[in-house]
Amino acid sequence: MLSEVPRRVWTDEEWERIQLGFRARGMDDRWHLFLEGDRLFLHRSWLGDGRYEVTFTEVADGRRITEVIVEGAEPRFPGGSDHELCALLERLIDGQLLREQEYGWWSAGRVGDDGRRRMALSG
């Protein structure tokens with residue numbers, strides 16, 4: 001379980017879009033996101049691994065995340081700090097479910113010293 005959760009409040013309109021979920025359509029889409037009640041599940045599309053289970057709670061201005069359970073089995077899921085995982089989670093919700101930026105939460109095109117492409121969080 002993460003020790004911190006995103007502080008953001010998602011509006012009722014955004015909540016409607018979140019409820020629609022997201023199913024990966026191709027190899028570039030790395031996540032399946034689906035809702036059961038007030039719980040959002042995030043699974044890796046290639047292997048089907050469940051990575052996040054997120055509980056949303058209704059608040060005055062919309063909905064906010066109140067609990068996040070993270071699958072942390074190494075080495076399948078190289079973690080990061082709770083802060084980094086929290087930021088990734090928020091970017092996944094915005095990038096995949098709300099489509100605020102087309103693939104905006106990943107920076108593509110960075111090439112390391114060894115000439116290999118690196119995929120990393122942007123922002």
# chains A, B, ... in the order shown; residues from 1 in each chain; ligands from 1

call {"tool": "select_by_dssp", "arguments": {"residues": "stretch 16-80 of chain A", "states": "alpha helix (DSSP H)", "output": "MDAnalysis selection string"}}
result
chainID A and resid 16:20

call {"tool": "residues_around", "arguments": {"residues": "stretch 37-53 of chain A", "least_positions_apart": "2", "cutoff": "10 Å", "atoms": "only C-alpha atoms", "output": "VMD selection string"}}
result
chain A and resid 1 18 to 19 21 to 35 55 to 58 63 65 67 to 73 76 to 77 85 89 92 to 93

call {"tool": "write_last_selection", "arguments": {"atoms": "N, CA and C atoms", "output": "JSON list (two decimals), in the first residue's frame"}}
result
[["chain", "number", "residue", "atom", "x", "y", "z"],
["A", 1, "MET", "N", 0.86, -1.17, 0.00],
["A", 1, "MET", "CA", 0.00, 0.00, 0.00],
["A", 1, "MET", "C", 0.90, 1.23, 0.00],
["A", 18, "ILE", "N", -13.46, 8.15, -16.44],
["A", 18, "ILE", "CA", -12.68, 7.11, -15.77],
["A", 18, "ILE", "C", -13.47, 5.80, -15.74],
["A", 19, "GLN", "N", -14.77, 5.89, -15.53],
["A", 19, "GLN", "CA", -15.62, 4.69, -15.45],
["A", 19, "GLN", "C", -15.65, 3.92, -16.76],
["A", 21, "GLY", "N", -13.09, 3.16, -18.54],
["A", 21, "GLY", "CA", -11.92, 2.30, -18.61],
["A", 21, "GLY", "C", -11.13, 2.50, -19.88],
["A", 22, "PHE", "N", -10.10, 1.68, -20.04],
["A", 22, "PHE", "CA", -9.25, 1.74, -21.23],
["A", 22, "PHE", "C", -8.70, 0.35, -21.49],
["A", 23, "ARG", "N", -8.85, -0.10, -22.72],
["A", 23, "ARG", "CA", -8.28, -1.39, -23.13],
["A", 23, "ARG", "C", -7.22, -1.11, -24.18],
["A", 24, "ALA", "N", -6.02, -1.64, -23.96],
["A", 24, "ALA", "CA", -4.93, -1.44, -24.90],
["A", 24, "ALA", "C", -5.35, -1.92, -26.28],
["A", 25, "ARG", "N", -5.03, -1.12, -27.29],
["A", 25, "ARG", "CA", -5.39, -1.45, -28.65],
["A", 25, "ARG", "C", -4.20, -1.93, -29.48],
["A", 26, "GLY", "N", -3.01, -1.71, -28.98],
["A", 26, "GLY", "CA", -1.82, -2.11, -29.72],
["A", 26, "GLY", "C", -0.63, -2.25, -28.80],
["A", 27, "MET", "N", 0.50, -2.57, -29.37],
["A", 27, "MET", "CA", 1.72, -2.79, -28.59],
["A", 27, "MET", "C", 2.20, -1.52, -27.88],
["A", 28, "ASP", "N", 1.86, -0.35, -28.41],
["A", 28, "ASP", "CA", 2.29, 0.89, -27.78],
["A", 28, "ASP", "C", 1.47, 1.22, -26.54],
["A", 29, "ASP", "N", 0.29, 0.64, -26.42],
["A", 29, "ASP", "CA", -0.54, 0.84, -25.23],
["A", 29, "ASP", "C", -0.14, -0.21, -24.22],
["A", 30, "ARG", "N", 0.38, 0.22, -23.10],
["A", 30, "ARG", "CA", 0.97, -0.70, -22.13],
["A", 30, "ARG", "C", 0.03, -1.09, -21.00],
["A", 31, "TRP", "N", -1.16, -0.50, -20.95],
["A", 31, "TRP", "CA", -2.02, -0.70, -19.78],
["A", 31, "TRP", "C", -3.46, -1.00, -20.16],
["A", 32, "HIS", "N", -4.10, -1.85, -19.34],
["A", 32, "HIS", "CA", -5.55, -2.02, -19.30],
["A", 32, "HIS", "C", -5.99, -1.38, -17.99],
["A", 33, "LEU", "N", -7.01, -0.53, -18.04],
["A", 33, "LEU", "CA", -7.53, 0.10, -16.83],
["A", 33, "LEU", "C", -9.03, -0.14, -16.80],
["A", 34, "PHE", "N", -9.55, -0.67, -15.70],
["A", 34, "PHE", "CA", -10.98, -0.94, -15.62],
["A", 34, "PHE", "C", -11.46, -0.72, -14.20],
["A", 35, "LEU", "N", -12.73, -0.41, -14.11],
["A", 35, "LEU", "CA", -13.34, -0.07, -12.83],
["A", 35, "LEU", "C", -14.33, -1.14, -12.41],
["A", 55, "THR", "N", -8.61, 2.84, -4.81],
["A", 55, "THR", "CA", -9.94, 3.11, -4.28],
["A", 55, "THR", "C", -10.24, 4.60, -4.37],
["A", 56, "PHE", "N", -11.34, 4.93, -5.03],
["A", 56, "PHE", "CA", -11.82, 6.31, -5.12],
["A", 56, "PHE", "C", -12.94, 6.51, -4.10],
["A", 57, "THR", "N", -12.98, 7.69, -3.51],
["A", 57, "THR", "CA", -14.02, 8.05, -2.56],
["A", 57, "THR", "C", -14.64, 9.37, -2.99],
["A", 58, "GLU", "N", -15.96, 9.44, -2.88],
["A", 58, "GLU", "CA", -16.66, 10.67, -3.24],
["A", 58, "GLU", "C", -16.38, 11.75, -2.20],
["A", 63, "ARG", "N", -14.26, 13.21, -6.88],
["A", 63, "ARG", "CA", -13.73, 11.98, -6.31],
["A", 63, "ARG", "C", -12.23, 12.12, -6.14],
["A", 65, "ILE", "N", -8.63, 9.78, -4.70],
["A", 65, "ILE", "CA", -8.07, 8.48, -4.35],
["A", 65, "ILE", "C", -7.79, 8.46, -2.85],
["A", 67, "GLU", "N", -6.96, 5.19, -1.31],
["A", 67, "GLU", "CA", -6.09, 4.03, -1.02],
["A", 67, "GLU", "C", -5.53, 3.51, -2.33],
["A", 68, "VAL", "N", -4.25, 3.12, -2.29],
["A", 68, "VAL", "CA", -3.59, 2.53, -3.45],
["A", 68, "VAL", "C", -2.83, 1.29, -2.99],
["A", 69, "ILE", "N", -3.16, 0.17, -3.58],
["A", 69, "ILE", "CA", -2.42, -1.06, -3.33],
["A", 69, "ILE", "C", -1.57, -1.30, -4.57],
["A", 70, "VAL", "N", -0.28, -1.53, -4.36],
["A", 70, "VAL", "CA", 0.68, -1.74, -5.45],
["A", 70, "VAL", "C", 1.24, -3.13, -5.35],
["A", 71, "GLU", "N", 1.27, -3.83, -6.49],
["A", 71, "GLU", "CA", 1.91, -5.13, -6.55],
["A", 71, "GLU", "C", 3.41, -4.86, -6.56],
["A", 72, "GLY", "N", 4.12, -5.39, -5.61],
["A", 72, "GLY", "CA", 5.53, -5.03, -5.48],
["A", 72, "GLY", "C", 6.49, -6.19, -5.60],
["A", 73, "ALA", "N", 6.12, -7.23, -6.32],
["A", 73, "ALA", "CA", 7.00, -8.40, -6.42],
["A", 73, "ALA", "C", 8.19, -8.09, -7.33],
["A", 76, "ARG", "N", 9.72, -8.33, -11.17],
["A", 76, "ARG", "CA", 8.71, -8.00, -12.19],
["A", 76, "ARG", "C", 8.34, -6.55, -12.16],
["A", 77, "PHE", "N", 8.30, -5.97, -10.99],
["A", 77, "PHE", "CA", 7.86, -4.59, -10.88],
["A", 77, "PHE", "C", 8.92, -3.79, -10.13],
["A", 85, "LEU", "N", 5.78, 6.38, -7.57],
["A", 85, "LEU", "CA", 4.68, 5.51, -7.97],
["A", 85, "LEU", "C", 3.35, 6.28, -7.97],
["A", 89, "LEU", "N", 0.99, 6.78, -11.25],
["A", 89, "LEU", "CA", -0.43, 6.44, -11.21],
["A", 89, "LEU", "C", -1.29, 7.59, -11.73],
["A", 92, "LEU", "N", -0.93, 7.90, -15.44],
["A", 92, "LEU", "CA", -1.66, 6.84, -16.15],
["A", 92, "LEU", "C", -3.13, 7.17, -16.26],
["A", 93, "ILE", "N", -3.72, 7.62, -15.17],
["A", 93, "ILE", "CA", -5.14, 7.96, -15.18],
["A", 93, "ILE", "C", -5.39, 9.09, -16.16]]

call {"tool": "atom_distance", "arguments": {"atom1": "atom CA of A:Cys86", "atom2": "atom CA of A:Leu2"}}
result
7.7 Å

call {"tool": "closest_residue", "arguments": {"among": "A:Ser81, A:Glu36, A:Val54, A:Gly62", "to": "A:Trp15", "atoms": "only C-alpha atoms"}}
result
A:Gly62

call {"tool": "atom_distance", "arguments": {"atom1": "atom CA of A:Gln96", "atom2": "atom CA of A:Trp10"}}
result
14.4 Å

call {"tool": "decode", "arguments": {"residues": "stretch 58-70 of chain A", "atoms": "N, CA and C atoms", "output": "PDB file, in the first residue's frame"}}
result
ATOM      1  N   GLU A  58     -15.959   9.444  -2.879  1.00  0.00           N
ATOM      2  CA  GLU A  58     -16.659  10.674  -3.241  1.00  0.00           C
ATOM      3  C   GLU A  58     -16.384  11.749  -2.198  1.00  0.00           C
ATOM      4  N   VAL A  59     -16.053  12.954  -2.685  1.00  0.00           N
ATOM      5  CA  VAL A  59     -15.837  14.129  -1.833  1.00  0.00           C
ATOM      6  C   VAL A  59     -16.687  15.263  -2.396  1.00  0.00           C
ATOM      7  N   ALA A  60     -16.684  16.399  -1.729  1.00  0.00           N
ATOM      8  CA  ALA A  60     -17.554  17.515  -2.117  1.00  0.00           C
ATOM      9  C   ALA A  60     -17.374  17.940  -3.576  1.00  0.00           C
ATOM     10  N   ASP A  61     -16.148  17.981  -4.065  1.00  0.00           N
ATOM     11  CA  ASP A  61     -15.883  18.485  -5.420  1.00  0.00           C
ATOM     12  C   ASP A  61     -15.773  17.407  -6.485  1.00  0.00           C
ATOM     13  N   GLY A  62     -15.944  16.147  -6.125  1.00  0.00           N
ATOM     14  CA  GLY A  62     -15.808  15.069  -7.093  1.00  0.00           C
ATOM     15  C   GLY A  62     -15.375  13.781  -6.421  1.00  0.00           C
ATOM     16  N   ARG A  63     -14.263  13.213  -6.879  1.00  0.00           N
ATOM     17  CA  ARG A  63     -13.730  11.977  -6.308  1.00  0.00           C
ATOM     18  C   ARG A  63     -12.234  12.120  -6.141  1.00  0.00           C
ATOM     19  N   ARG A  64     -11.743  11.480  -5.085  1.00  0.00           N
ATOM     20  CA  ARG A  64     -10.301  11.461  -4.890  1.00  0.00           C
ATOM     21  C   ARG A  64      -9.888  10.053  -4.501  1.00  0.00           C
ATOM     22  N   ILE A  65      -8.626   9.780  -4.697  1.00  0.00           N
ATOM     23  CA  ILE A  65      -8.075   8.480  -4.346  1.00  0.00           C
ATOM     24  C   ILE A  65      -7.790   8.461  -2.846  1.00  0.00           C
ATOM     25  N   THR A  66      -8.264   7.413  -2.183  1.00  0.00           N
ATOM     26  CA  THR A  66      -8.040   7.300  -0.745  1.00  0.00           C
ATOM     27  C   THR A  66      -7.155   6.118  -0.369  1.00  0.00           C
ATOM     28  N   GLU A  67      -6.958   5.188  -1.307  1.00  0.00           N
ATOM     29  CA  GLU A  67      -6.089   4.035  -1.020  1.00  0.00           C
ATOM     30  C   GLU A  67      -5.526   3.508  -2.328  1.00  0.00           C
ATOM     31  N   VAL A  68      -4.246   3.124  -2.289  1.00  0.00           N
ATOM     32  CA  VAL A  68      -3.591   2.526  -3.449  1.00  0.00           C
ATOM     33  C   VAL A  68      -2.828   1.293  -2.987  1.00  0.00           C
ATOM     34  N   ILE A  69      -3.164   0.171  -3.583  1.00  0.00           N
ATOM     35  CA  ILE A  69      -2.423  -1.056  -3.335  1.00  0.00           C
ATOM     36  C   ILE A  69      -1.571  -1.305  -4.570  1.00  0.00           C
ATOM     37  N   VAL A  70      -0.275  -1.534  -4.356  1.00  0.00           N
ATOM     38  CA  VAL A  70       0.677  -1.739  -5.447  1.00  0.00           C
ATOM     39  C   VAL A  70       1.243  -3.134  -5.350  1.00  0.00           C
TER      40      VAL A  70
END
